[in-house]
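Have a look at the structure below, then the notes.
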Amino acid sequence: MPRRQSKPTDDAQPADGPIQFLSPEGILGPDSRLELPPAIDLLALYRDMALVRRLDSEAIALQRQGELGLWPSLRGQEAAQVGAAYALAEQDMVFPTYREHGVAWCRGLDPVSLLGLFRGSTLGGWNPYERRFGLYTLVIGAQTLHAVGYAMGLVRDDVIGSGDGTRDTAVLVFLGDGALSEGETNEAFLWAAAQNLPVVFFCQNNQWAISAPYSVQSRVPVAQRAAGFGFPGVSVDGNDVLACLAATREALTRARSGGGPTLIEAVTYRINAHTTADDATRYRPSAETDEWTAKDPLERLRLHLTASGEGVVDEEYFADIERREQELAERLRAGCRALPPPDDASSFENTYTDMPVELRRQLAEHSQYLAAGQEIGAVR
Ligand SMILES: Cc1ncc(C[n+]2csc(CCOP(=O)(O)OP(=O)(O)O)c2C)c(N)n1
């Protein structure tokens, strides 16, 4: 049977396109559908997007040098991630995929710890409770159910709806457009709606699930799916850090106050290949990439900061960012090479609370095997 190449139907498109405050030309304007929160620190947003971009390019370089096995690049998605992260309260809990390096950065994770999984030196890399940022999930869609389960816990702990901004808690879970085709994600949506859970689903629609475009996965735009489950869906320009921040802040505020779930679609683009192991030129037209490169999230904020005439940035500001980027790059290079080798037993030990007899036997066998290998190595 031929594969159906259906496009989302025209009448299913949002009337005015995704919510946008900051145009690709760097022009800031209102959007009647959403309030722009006051007192947003534009300089901090730009600084973090720039540092996250450098983190990403440095990790790619480390992969090319053989220091990492793989790296999923976030280039092009900095505004979506930094904007969403700036909307979080300290007590909120985040469930990421494997590409949320920008959110991790804003949550204050040690950036070197992001490299461990991709170097093969750890199965996780950080304590999810220290920064309230879960471990990376490679199983597409799995984290949506983890998030919903966690949100059920928040309801039972009675930490929503009190009106106390330092106590009420929400969950922010990240997913890609491809994850919408997983059963888990649809179960998570259904359950979040049925239980009115304090969870915000933040979908970065970067247009591609490896080589599968969104158009072959769905007949309706991402944000419209929420209506079928019975909660709000909103589409924002994912390359506009302000739209991402404002929409996520509104959704998280509603969730914390007991207003239930929201699906945010951040319309963006994955500029690089899916991972460093993938060749995007095999399936993606370069004109499409060029078109999205012109909508770059950093460039539009830079244009705004330099052309607004407000005198908010001078050369020293950019020089300072450049200095910080260099420091970060050195820290990543040295930190990556210093990561300890993997603990041989950890994949056995971290599977069950009480290790079953059979697994214990397998661990003993594995340890013997490794010990024998080390002896051979010693003889040589
Ligand atoms: C359950 C499951 N099925 C398939 C895969 C293989 N896989 C890895 S990434 C990916 C595409 C994911 O696309 P999307 O959800 O849009 O996220 P993106 O990588 O674009 O951020 C697939 C199918 C997987 N990791 N897990």
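Letters A, B, ... go to the chains of the structure tokens in the order shown; residues in each chain start at 1; ligands are counted from 1 in the same order.
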
>> When you look at stretch 253-258 of chain A with a cut-off of 12 Å (counting only C-alpha atoms), what residues show up, excluding the ones that are within fewer than 2 positions of it in the same chain? I need them as number ranges by chain.
In response: A: 87-89, 91-93, 151-152, 154-155, 158-172, 192-193, 195-201, 231-232, 245-251, 260-263

>> Residues of stretch 95-341 of chain A classed as helix (DSSP H, G or I) by DSSP on the backbone are to be reported as a ChimeraX atom specification.
In response: /A:101-106,111-114,116-119,142-156,177-181,183-194,214-216,222-229,241-256,280-282,286-293,297-307,315-338

Given the selection you just returned, output its residues as a file containing C-alpha atoms, formatted as a compact mmCIF listing (two decimals), in the first residue's frame.
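Final output, result17.txt:
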# COMPACT_ATOMS: atom_id res chain seq x y z
CA HIS A 101 20.56 20.84 27.14
CA GLY A 102 19.25 24.41 27.23
CA VAL A 103 16.74 23.63 29.96
CA ALA A 104 19.40 21.74 31.91
CA TRP A 105 21.69 24.75 31.67
CA CYS A 106 19.01 27.14 32.93
CA PRO A 111 27.18 21.19 31.98
CA VAL A 112 29.88 18.50 32.15
CA SER A 113 27.33 16.13 33.66
CA LEU A 114 25.33 16.35 30.40
CA GLY A 116 28.48 11.54 30.68
CA LEU A 117 25.61 9.65 29.10
CA PHE A 118 26.95 10.37 25.62
CA ARG A 119 30.48 9.37 26.60
CA ALA A 142 8.23 7.53 28.03
CA GLN A 143 8.83 10.73 29.99
CA THR A 144 5.26 11.90 29.39
CA LEU A 145 3.97 9.12 31.61
CA HIS A 146 6.67 9.75 34.19
CA ALA A 147 5.53 13.37 34.28
CA VAL A 148 1.88 12.46 34.66
CA GLY A 149 2.71 10.03 37.46
CA TYR A 150 4.73 12.73 39.20
CA ALA A 151 1.87 15.20 38.77
CA MET A 152 -0.51 12.69 40.39
CA GLY A 153 1.90 12.67 43.34
CA LEU A 154 1.75 16.47 43.56
CA VAL A 155 -2.05 16.33 43.78
CA ARG A 156 -1.85 13.71 46.54
CA ASP A 177 6.68 16.06 17.44
CA GLY A 178 7.58 12.43 16.81
CA ALA A 179 6.63 11.53 20.39
CA LEU A 180 3.04 12.51 19.61
CA SER A 181 2.75 9.31 17.58
CA GLY A 183 0.83 5.43 22.56
CA GLU A 184 2.41 6.56 25.84
CA THR A 185 2.04 10.23 24.95
CA ASN A 186 -1.63 9.80 24.12
CA GLU A 187 -2.19 7.86 27.36
CA ALA A 188 -0.44 10.65 29.23
CA PHE A 189 -2.67 13.29 27.60
CA LEU A 190 -5.79 11.29 28.38
CA TRP A 191 -4.85 10.71 32.00
CA ALA A 192 -3.69 14.29 32.57
CA ALA A 193 -7.07 15.50 31.31
CA ALA A 194 -9.16 12.94 33.20
CA TYR A 214 5.37 15.85 10.88
CA SER A 215 3.12 15.95 7.79
CA VAL A 216 3.23 12.16 7.44
CA VAL A 222 0.20 19.75 17.10
CA ALA A 223 -1.58 22.30 19.31
CA GLN A 224 -5.01 21.24 18.07
CA ARG A 225 -4.59 17.74 19.40
CA ALA A 226 -5.15 18.98 22.94
CA ALA A 227 -8.79 19.81 22.22
CA GLY A 228 -9.56 16.17 21.57
CA PHE A 229 -8.37 15.34 25.08
CA VAL A 241 12.13 33.27 23.27
CA LEU A 242 9.53 35.73 24.58
CA ALA A 243 6.55 33.84 23.15
CA CYS A 244 7.91 30.60 24.61
CA LEU A 245 8.45 32.20 28.01
CA ALA A 246 5.03 33.88 28.12
CA ALA A 247 3.06 30.82 27.02
CA THR A 248 4.89 28.50 29.40
CA ARG A 249 4.52 30.92 32.31
CA GLU A 250 0.78 31.17 31.72
CA ALA A 251 0.38 27.39 31.43
CA LEU A 252 2.49 26.66 34.52
CA THR A 253 0.60 29.25 36.54
CA ARG A 254 -2.69 27.62 35.57
CA ALA A 255 -1.34 24.16 36.40
CA ARG A 256 -0.08 25.25 39.85
CA ALA A 280 20.10 14.90 7.33
CA THR A 281 21.05 15.64 3.71
CA ARG A 282 19.68 12.18 2.83
CA SER A 286 18.81 22.23 2.12
CA ALA A 287 16.49 25.10 1.06
CA GLU A 288 14.28 24.25 4.04
CA THR A 289 17.23 24.47 6.43
CA ASP A 290 18.28 27.78 4.87
CA GLU A 291 14.77 29.15 5.29
CA TRP A 292 14.78 28.33 9.00
CA THR A 293 18.34 29.53 9.52
CA PRO A 297 16.34 32.67 17.55
CA LEU A 298 19.57 34.31 18.74
CA GLU A 299 19.94 36.58 15.77
CA ARG A 300 16.48 38.09 16.18
CA LEU A 301 17.10 38.96 19.83
CA ARG A 302 20.56 40.30 18.97
CA LEU A 303 18.99 42.50 16.27
CA HIS A 304 16.46 43.76 18.78
CA LEU A 305 19.06 44.50 21.43
CA THR A 306 21.36 46.32 19.07
CA ALA A 307 18.79 48.15 16.94
CA GLU A 315 30.30 45.92 22.64
CA GLU A 316 31.41 45.08 26.16
CA TYR A 317 28.23 43.03 26.65
CA PHE A 318 29.04 40.80 23.66
CA ALA A 319 32.72 40.64 24.62
CA ASP A 320 31.69 39.43 28.06
CA ILE A 321 29.52 36.69 26.51
CA GLU A 322 32.43 35.67 24.31
CA ARG A 323 34.67 35.39 27.40
CA ARG A 324 32.08 33.25 29.17
CA GLU A 325 31.75 31.05 26.08
CA GLN A 326 35.51 30.45 26.05
CA GLU A 327 35.47 29.54 29.75
CA LEU A 328 32.56 27.17 29.21
CA ALA A 329 34.27 25.51 26.24
CA GLU A 330 37.45 24.93 28.26
CA ARG A 331 35.45 23.62 31.18
CA LEU A 332 33.61 21.18 28.90
CA ARG A 333 36.78 19.94 27.19
CA ALA A 334 38.67 19.35 30.43
CA GLY A 335 35.60 18.01 32.25
CA CYS A 336 34.74 15.57 29.48
CA ARG A 337 38.20 14.01 29.43
CA ALA A 338 38.19 13.75 33.23

>> Hey, which residues sit close to ligand 1? Say within 10 Å, counting only C-alpha atoms and all ligand atoms, and write them as a PyMOL selection string.
In response: chain A and resi 72-74+77+97-100+137-142+174-184+203-214+269-270+273-275

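For the atom pair formed by atom CA of A:Gln81 and atom CA of A:Gly66, the distance is 27.2 Å, given to one decimal.
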
>> Quick one: residues within 10 Å of A:Ser32, only C-alpha atoms, excluding same-chain residues fewer than 4 positions away - as a list in words?
In response: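 Answer for this query is Ile19, Gln20, Phe21 and Leu36 of chain A.
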
> Smallest atom-to-atom distance to A:Asn239: which of A:Leu370, A:Val173, A:Val82, A:Leu42, using only C-alpha atoms?
Replying inline: A:Val82

> Closest to A:Leu115 among A:Arg219, A:Gly69, A:Ala345, A:Glu90, using only C-alpha atoms?
Replying inline: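 Smallest separation from A:Leu115 among the options: A:Gly69.
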